[in-house]
$ cat entry_32.txt   # compact mmCIF, C-alpha atoms
# COMPACT_ATOMS: atom_id res chain seq x y z
CA MET D 231 10.43 14.31 43.60
CA GLU D 232 11.70 14.42 40.03
CA ASN D 233 9.95 11.09 39.48
CA ILE D 234 6.59 12.42 40.63
CA LYS D 235 7.00 15.52 38.48
CA GLN D 236 7.70 13.41 35.41
CA ASN D 237 4.73 11.14 36.08
CA LEU D 238 2.52 14.18 36.54
CA LYS D 239 3.75 15.64 33.26
CA TRP D 240 2.88 12.49 31.32
CA THR D 241 -0.46 12.15 33.12
CA CYS D 242 -1.33 15.65 31.90
CA VAL D 243 -0.29 14.76 28.34
CA PHE D 244 -2.56 11.73 28.30
CA LEU D 245 -5.47 13.51 29.97
CA LEU D 246 -5.18 16.20 27.33
CA LEU D 247 -5.29 13.50 24.65
CA ILE D 248 -8.50 12.09 26.15
CA ILE D 249 -10.06 15.56 26.32
CA ILE D 250 -9.14 16.27 22.67
CA SER D 251 -10.63 12.92 21.61
CA LEU D 252 -13.85 13.61 23.53
CA LEU D 253 -14.04 17.09 21.95
CA VAL D 254 -13.59 15.64 18.45
CA LEU D 255 -16.37 13.13 19.12
CA PHE D 256 -18.63 15.80 20.56
CA ILE D 257 -18.14 18.20 17.63
CA HIS D 258 -18.63 15.35 15.18
CA LYS D 259 -21.88 14.38 16.89
CA GLN D 260 -23.46 17.87 16.70
CA PRO D 261 -25.36 18.00 13.39
CA GLY D 262 -27.03 14.64 13.97
CA GLU D 263 -30.77 15.14 14.29
CA THR D 264 -31.87 16.02 10.74
CA ALA D 265 -32.76 13.55 8.01
CA LYS D 266 -31.21 10.16 8.46
CA THR D 267 -30.04 7.95 5.66
CA ALA D 268 -28.37 4.66 6.40
CA GLN D 269 -25.88 3.11 4.03
CA ILE D 270 -24.90 -0.52 4.11
CA ILE D 271 -21.35 -0.76 2.81
CA GLN D 272 -19.66 -3.99 1.85
CA ASP D 273 -16.05 -4.00 0.60
CA GLY D 274 -16.24 -0.25 0.04
CA GLN D 275 -19.38 -0.47 -2.11
CA VAL D 276 -22.69 1.00 -0.95
CA ILE D 277 -24.97 -1.97 -1.52
CA GLN D 278 -28.11 -0.51 0.03
CA THR D 279 -29.36 2.91 1.04
CA ILE D 280 -32.24 3.20 3.50
CA ASP D 281 -34.10 6.37 4.45
CA LEU D 282 -34.62 5.61 8.11
CA GLN D 283 -37.36 8.24 8.54
CA ASN D 284 -39.54 6.48 5.98
CA VAL D 285 -39.35 3.04 7.55
CA LYS D 286 -42.95 2.38 8.64
CA GLU D 287 -42.70 -1.32 9.44
CA PRO D 288 -39.41 -2.69 10.79
CA TYR D 289 -37.80 -5.09 8.36
CA GLU D 290 -34.73 -7.28 8.13
CA LEU D 291 -32.16 -7.84 5.40
CA GLU D 292 -29.79 -10.73 5.01
CA ILE D 293 -26.32 -9.80 3.75
CA THR D 294 -23.94 -12.51 2.61
CA ALA D 295 -20.22 -11.74 2.64
CA LYS D 296 -17.69 -12.91 0.05
CA ASN D 297 -16.11 -15.20 2.64
CA GLY D 298 -19.44 -16.99 3.17
CA GLY D 299 -20.29 -15.20 6.42
CA HIS D 300 -23.61 -13.49 6.82
CA ASN D 301 -25.21 -10.68 8.80
CA THR D 302 -28.84 -9.85 9.43
CA ILE D 303 -29.57 -6.14 9.51
CA ARG D 304 -32.76 -4.77 11.03
CA ALA D 305 -34.05 -1.35 10.03
CA GLU D 306 -36.58 0.43 12.22
CA ASN D 307 -37.97 3.94 12.17
CA GLY D 308 -34.98 6.18 12.90
CA LYS D 309 -32.54 3.43 13.81
CA ILE D 310 -30.66 0.53 12.34
CA GLY D 311 -28.59 -2.32 13.72
CA ILE D 312 -27.17 -5.75 13.10
CA ILE D 313 -29.19 -8.41 14.95
CA HIS D 314 -27.40 -11.54 13.83
CA ALA D 315 -23.87 -12.33 12.63
CA SER D 316 -21.96 -15.45 11.69
CA CYS D 317 -18.65 -14.25 13.15
CA PRO D 318 -17.57 -15.63 16.55
CA ASP D 319 -17.23 -12.43 18.58
CA LYS D 320 -20.53 -10.79 17.49
CA ILE D 321 -19.29 -7.34 18.44
CA CYS D 322 -21.45 -5.81 15.70
CA VAL D 323 -24.57 -7.35 17.29
CA LYS D 324 -23.61 -6.21 20.79
CA GLN D 325 -23.10 -2.69 19.49
CA GLY D 326 -26.89 -2.58 19.15
CA PHE D 327 -28.82 -0.01 17.14
CA ILE D 328 -27.42 3.29 15.99
CA THR D 329 -29.49 6.42 15.52
CA ASN D 330 -26.82 8.88 14.34
CA GLY D 331 -23.59 9.00 12.42
CA THR D 332 -21.22 9.25 15.39
CA LEU D 333 -19.92 5.70 15.25
CA PRO D 334 -20.68 3.35 12.34
CA ILE D 335 -21.42 -0.30 13.07
CA VAL D 336 -18.69 -2.48 11.68
CA CYS D 337 -18.26 -6.22 11.23
CA LEU D 338 -14.56 -6.67 10.54
CA PRO D 339 -14.57 -10.40 9.58
CA ASN D 340 -17.37 -9.90 7.02
CA LYS D 341 -16.06 -6.53 5.78
CA LEU D 342 -19.45 -4.94 6.38
CA SER D 343 -20.30 -1.58 7.85
CA VAL D 344 -23.52 0.30 8.50
CA VAL D 345 -23.16 4.06 8.36
CA ILE D 346 -25.71 6.81 8.98
CA VAL D 347 -25.14 9.94 6.93
CA ASN D 348 -26.85 13.32 7.15
CA ASP D 349 -28.46 14.85 4.09
CA ASN D 350 -25.87 17.63 3.92
CA ASP D 351 -22.86 15.32 3.80
CA GLU D 352 -24.65 12.49 2.05
CA LEU D 353 -23.41 13.63 -1.36
CA ASP D 354 -19.77 13.40 -0.29
CA ALA D 355 -20.30 9.99 1.20
CA VAL D 356 -22.02 8.67 -1.92
CA THR D 357 -19.45 9.98 -4.36
CA GLY D 358 -16.73 8.72 -2.03
CA GLY D 359 -18.26 5.28 -2.25
CA VAL D 360 -18.56 5.35 -6.03
CA THR D 361 -15.05 6.57 -6.77
CA GLN D 362 -13.67 3.69 -4.78
CA MET B 246 24.71 -17.72 27.61
CA LYS B 247 23.10 -18.09 24.21
CA THR B 248 21.19 -21.24 25.21
CA LYS B 249 20.03 -19.51 28.35
CA LYS B 250 18.73 -16.60 26.34
CA ILE B 251 16.88 -18.85 23.87
CA ALA B 252 15.27 -20.72 26.76
CA PHE B 253 14.31 -17.44 28.43
CA MET B 254 12.77 -16.11 25.22
CA SER B 255 10.82 -19.36 24.77
CA VAL B 256 9.35 -18.95 28.24
CA LEU B 257 8.39 -15.37 27.42
CA LEU B 258 6.78 -16.44 24.13
CA GLY B 259 4.90 -19.20 25.94
CA LEU B 260 3.67 -16.71 28.52
CA ALA B 261 2.56 -14.27 25.83
CA LEU B 262 0.63 -17.04 24.04
CA VAL B 263 -1.08 -18.19 27.23
CA ILE B 264 -2.04 -14.64 28.18
CA PHE B 265 -3.34 -13.99 24.67
CA THR B 266 -5.37 -17.21 24.57
CA VAL B 267 -6.87 -16.71 28.02
CA GLU B 268 -7.78 -13.11 27.21
CA ALA B 269 -9.48 -14.23 23.99
CA GLN B 270 -11.86 -16.37 26.08
CA ILE B 271 -13.14 -13.35 27.97
CA PRO B 272 -16.16 -11.88 26.18
CA PRO B 273 -15.63 -8.23 25.13
CA ILE B 274 -16.82 -5.86 27.86
CA VAL B 275 -17.14 -2.83 25.60
CA PRO B 276 -19.01 -3.70 22.39
CA ILE B 277 -16.80 -1.67 20.07
CA SER B 278 -14.47 -3.32 17.56
CA GLY B 279 -10.85 -2.78 18.54
CA VAL B 280 -11.43 -2.11 22.24
CA LYS B 281 -9.45 -4.75 24.05
CA LEU B 282 -7.18 -4.94 27.07
CA GLY B 283 -4.21 -6.40 25.17
CA LEU B 284 -2.55 -8.06 28.15
CA ALA B 285 -0.07 -9.95 25.93
CA ASN B 286 1.66 -6.61 25.39
CA VAL B 287 2.92 -6.83 28.97
CA ILE B 288 5.36 -9.47 27.73
CA ASN B 289 6.42 -7.41 24.71
CA LEU B 290 7.09 -4.40 26.85
CA MET B 291 9.02 -6.39 29.45
CA THR B 292 11.09 -8.11 26.75
CA LEU B 293 11.94 -4.75 25.23
CA TYR B 294 13.34 -3.52 28.53
CA MET B 295 14.90 -6.84 29.62
CA LEU B 296 16.51 -8.04 26.39
CA GLY B 297 16.17 -5.38 23.70
CA ARG B 298 14.44 -4.48 20.45
CA LYS B 299 15.38 -7.46 18.32
CA GLU B 300 14.21 -9.93 20.93
CA SER B 301 10.98 -8.04 21.58
CA PHE B 302 10.24 -7.96 17.85
CA THR B 303 10.90 -11.70 17.50
CA ILE B 304 8.54 -12.56 20.34
CA LEU B 305 5.89 -10.15 19.04
CA VAL B 306 5.83 -11.59 15.51
CA LEU B 307 6.00 -15.22 16.69
CA ARG B 308 3.19 -14.61 19.17
CA ILE B 309 0.94 -13.04 16.50
CA VAL B 310 1.61 -15.79 13.95
CA LEU B 311 1.20 -18.65 16.44
CA SER B 312 -1.87 -17.26 18.18
CA SER B 313 -3.58 -16.71 14.82
CA ILE B 314 -2.86 -20.31 13.86
CA PHE B 315 -4.24 -21.53 17.19
CA ALA B 316 -7.35 -19.40 16.85
CA GLY B 317 -7.64 -20.12 13.10
CA ASN B 318 -8.53 -16.50 12.51
CA ILE B 319 -7.08 -14.84 9.41
CA THR B 320 -8.94 -11.54 9.94
CA GLY B 321 -7.58 -11.35 13.47
CA PHE B 322 -4.09 -11.98 12.10
CA MET B 323 -4.25 -9.00 9.72
CA TYR B 324 -5.40 -6.64 12.48
CA SER B 325 -3.00 -8.01 15.10
CA LEU B 326 -0.07 -7.70 12.72
CA SER B 327 -0.80 -4.15 11.55
CA GLY B 328 -1.47 -3.03 15.12
CA GLY B 329 1.53 -4.88 16.51
CA LEU B 330 3.97 -3.49 13.96
CA VAL B 331 2.89 0.15 14.33
CA SER B 332 2.92 -0.29 18.10
CA PHE B 333 6.40 -1.82 18.02
CA MET B 334 7.79 1.00 15.87
CA ILE B 335 6.43 3.61 18.27
CA ILE B 336 7.54 1.98 21.53
CA SER B 337 10.99 1.11 20.23
CA VAL B 338 11.60 4.79 19.50
CA ILE B 339 9.94 6.13 22.66
CA SER B 340 11.78 3.65 24.89
CA ILE B 341 15.01 5.46 23.98
CA PHE B 342 13.75 8.50 25.89
CA LEU B 343 11.62 6.90 28.59
CA LYS B 344 13.25 4.53 31.04
CA GLU B 345 11.93 1.64 33.07
CA ASN B 346 10.18 3.82 35.62
CA ARG B 347 8.05 5.32 32.82
CA MET B 348 6.97 2.05 31.23
CA TRP B 349 3.32 2.90 31.82
CA ALA B 350 3.66 5.93 29.54
CA VAL B 351 5.54 3.95 26.89
CA SER B 352 2.75 1.39 27.04
CA ILE B 353 0.07 4.02 26.41
CA PHE B 354 1.94 5.24 23.32
CA GLY B 355 2.22 1.64 22.19
CA ALA B 356 -1.50 1.03 22.70
CA ILE B 357 -2.36 4.17 20.73
CA GLY B 358 -0.02 3.02 17.95
CA HIS B 359 -1.68 -0.39 18.01
CA ASN B 360 -5.12 1.09 17.53
CA ILE B 361 -3.92 3.46 14.79
CA GLY B 362 -2.43 0.47 12.96
CA GLN B 363 -5.69 -1.42 13.29
CA ILE B 364 -7.76 1.47 11.97
CA MET B 365 -5.39 1.82 9.00
CA MET B 366 -5.91 -1.88 8.27
CA ALA B 367 -9.70 -1.53 8.64
CA LEU B 368 -9.73 1.45 6.26
CA LEU B 369 -7.66 -0.57 3.80
CA LEU B 370 -9.78 -3.72 3.99
CA LEU B 371 -13.26 -2.22 4.32
CA LYS B 372 -12.67 0.93 2.23
CA THR B 373 -15.16 2.81 4.38
CA PRO B 374 -13.76 6.27 5.23
CA GLN B 375 -16.31 6.79 8.04
CA LEU B 376 -14.40 4.24 10.12
CA ILE B 377 -11.94 7.05 10.95
CA TRP B 378 -14.47 8.12 13.62
CA TYR B 379 -13.39 5.10 15.59
CA LEU B 380 -10.03 6.82 16.12
CA PRO B 381 -11.00 9.15 19.02
CA VAL B 382 -12.88 6.30 20.73
CA LEU B 383 -9.95 3.95 20.34
CA ILE B 384 -7.46 6.58 21.55
CA ILE B 385 -9.45 6.98 24.77
CA SER B 386 -9.57 3.21 25.15
CA ALA B 387 -5.83 2.95 24.44
CA VAL B 388 -4.92 5.44 27.17
CA ILE B 389 -6.86 3.38 29.72
CA THR B 390 -5.80 -0.12 28.62
CA GLY B 391 -2.22 1.00 27.87
CA PHE B 392 -1.89 2.48 31.35
CA PHE B 393 -3.10 -0.77 32.88
CA THR B 394 -0.86 -3.13 30.87
CA GLY B 395 2.12 -0.78 31.22
CA THR B 396 1.73 -0.60 34.98
CA VAL B 397 1.51 -4.39 35.18
CA ALA B 398 4.70 -4.70 33.11
CA GLN B 399 6.51 -2.06 35.13
CA ILE B 400 5.66 -3.57 38.53
CA THR B 401 6.45 -7.11 37.36
CA LEU B 402 9.83 -6.10 35.97
CA LYS B 403 10.66 -4.16 39.11
CA GLN B 404 9.93 -7.22 41.24
CA LEU B 405 11.90 -9.51 38.93
CA ARG B 406 14.91 -7.23 39.21
CA LYS B 407 14.53 -6.99 42.96
CA MET B 408 14.53 -10.78 43.25
CA ASN B 409 17.51 -10.96 40.90
CA TYR B 410 15.63 -13.17 38.44
CA VAL B 411 16.54 -10.76 35.71
CA LYS B 412 20.10 -9.55 35.76
CA PRO B 413 21.09 -6.42 33.90
CA THR B 414 21.74 -7.31 30.27
CA PRO B 415 23.74 -5.46 27.59
CA ALA B 416 20.52 -3.77 26.55
CA GLU B 417 20.10 -2.65 30.12
CA GLU B 418 23.21 -0.47 29.94
CA ASN B 419 21.30 2.03 27.83
CA TYR B 420 18.90 2.56 30.67
CA ALA B 421 21.33 2.57 33.58

$ encode --input "entry_32.txt" --output "structure tokens"
Amino acid sequence: MENIKQNLKWTCVFLLLIIISLLVLFIHKQPGETAKTAQIIQDGQVIQTIDLQNVKEPYELEITAKNGGHNTIRAENGKIGIIHASCPDKICVKQGFITNGTLPIVCLPNKLSVVIVNDNDELDAVTGGVTQ
Amino acid sequence: MKTKKIAFMSVLLGLALVIFTVEAQIPPIVPISGVKLGLANVINLMTLYMLGRKESFTILVLRIVLSSIFAGNITGFMYSLSGGLVSFMIISVISIFLKENRMWAVSIFGAIGHNIGQIMMALLLLKTPQLIWYLPVLIISAVITGFFTGTVAQITLKQLRKMNYVKPTPAEENYA
């Protein structure tokens, strides 16, 4: 009986943790649908900024990492994604295209990330990138 | 007794390496960096409860170093090590309070620690503060994967004790 009670207690703790995490994600997702600017960040430096609303024709960029690896990024109207990567697991490719800033695309081996920022917090993100 | 223990730890290390290598062959089901079952932690958790902290730490570090050499993956090494160390610190403290019948909970805390360690390493290497938004996603994933690996460890250890493969050790006295 004591055993079941203890298990139940810990189950509640972990369920609460999941709910808090989901809430954080949900709140973070809210202000998503305004202007969209994508930043391509390599080693903490913003190497390219793309206004996703002004992309008329989809285009691709080749990014070469310091370790010799490379990624191909494809920008389309309102979305951006990595379509090819030199790393073995290709998680960044499988992550597909992102349309909002909820979860950035990241390629850990090539130290590359693709982040979408909103106009209102864009300033913070840019200065954050420069100070580093 | 000492030889027996060294042999036993070698078997555990071998098991951890095999589990790690086999798991690495399975393509990621969820396409998010850092989301992984982490089955090799079953061995770490079992070692912690069978032999103790020092032994668990030894097997953990050896497994990470050797598996990275086998896979030839330096990036993987950095993330495994940061995750493994944070995870080890957390479970070695929590295992003081939670006994063998609560290994599943200890495992979840360990998995959360592992993912926190990995995010800290990612923030350090990529210098992209937005990566912190991976934290809630990875915490959810850690609760699920940690529960699974912890339950596997708990059931396996229970059976081993039942069959008298694993006799109570000095470390065991703390949990009696």

$ interface_residues --input "entry_32.txt" --of "chain B" --to "chain D" --cutoff "6 Å" --atoms "all atoms listed in the file" --output "tab-separated table (two decimals) with C-alpha atoms, keeping the file's coordinate frame"
chain	number	residue	atom	x	y	z
B	276	PRO	CA	-19.01	-3.70	22.39
B	320	THR	CA	-8.94	-11.54	9.94
B	371	LEU	CA	-13.26	-2.22	4.32
B	372	LYS	CA	-12.67	0.93	2.23
B	373	THR	CA	-15.16	2.81	4.38
B	381	PRO	CA	-11.00	9.15	19.02
B	385	ILE	CA	-9.45	6.98	24.77

$ closest_residue --input "entry_32.txt" --among "B:Ile314, B:Ala285, B:Val280, B:Met295" --to "B:Phe253" --atoms "only C-alpha atoms"
B:Met295

$ atom_distance --input "entry_32.txt" --atom1 "atom CA of D:Glu290" --atom2 "atom CA of B:Val382"
28.6 Å

$ atom_distance --input "entry_32.txt" --atom1 "atom CA of B:Leu282" --atom2 "atom CA of B:Met323"
18.1 Å

$ atom_distance --input "entry_32.txt" --atom1 "atom CA of B:Ile361" --atom2 "atom CA of B:Val310"
20.0 Å

$ closest_residue --input "entry_32.txt" --among "B:Thr303, B:Ser327, B:Gln399, B:Asn289" --to "B:Ala350" --atoms "only C-alpha atoms"
B:Gln399

$ closest_residue --input "entry_32.txt" --among "B:Met408, B:Ala398, B:Ile384, B:Ala252" --to "B:Thr292" --atoms "only C-alpha atoms"
B:Ala398

$ residues_near_point --input "entry_32.txt" --point "(5.8, -15.8, 28.2)" --cutoff "10 Å" --atoms "only C-alpha atoms" --output "list in words"
Phe253, Met254, Ser255, Val256, Leu257, Leu258, Gly259, Leu260, Ala261, Leu262, Val263, Ile264, Phe265, Ala285, Val287, Ile288, Asn289, Thr292, Ile304 and Arg308 of chain B

$ closest_residue --input "entry_32.txt" --among "D:Glu292, D:Asn348, D:Leu282, D:Cys317" --to "D:Ala305" --atoms "only C-alpha atoms"
D:Leu282

$ closest_residue --input "entry_32.txt" --among "D:His314, D:Arg304, D:Lys296, D:Lys259" --to "D:Asn330" --atoms "only C-alpha atoms"
D:Lys259
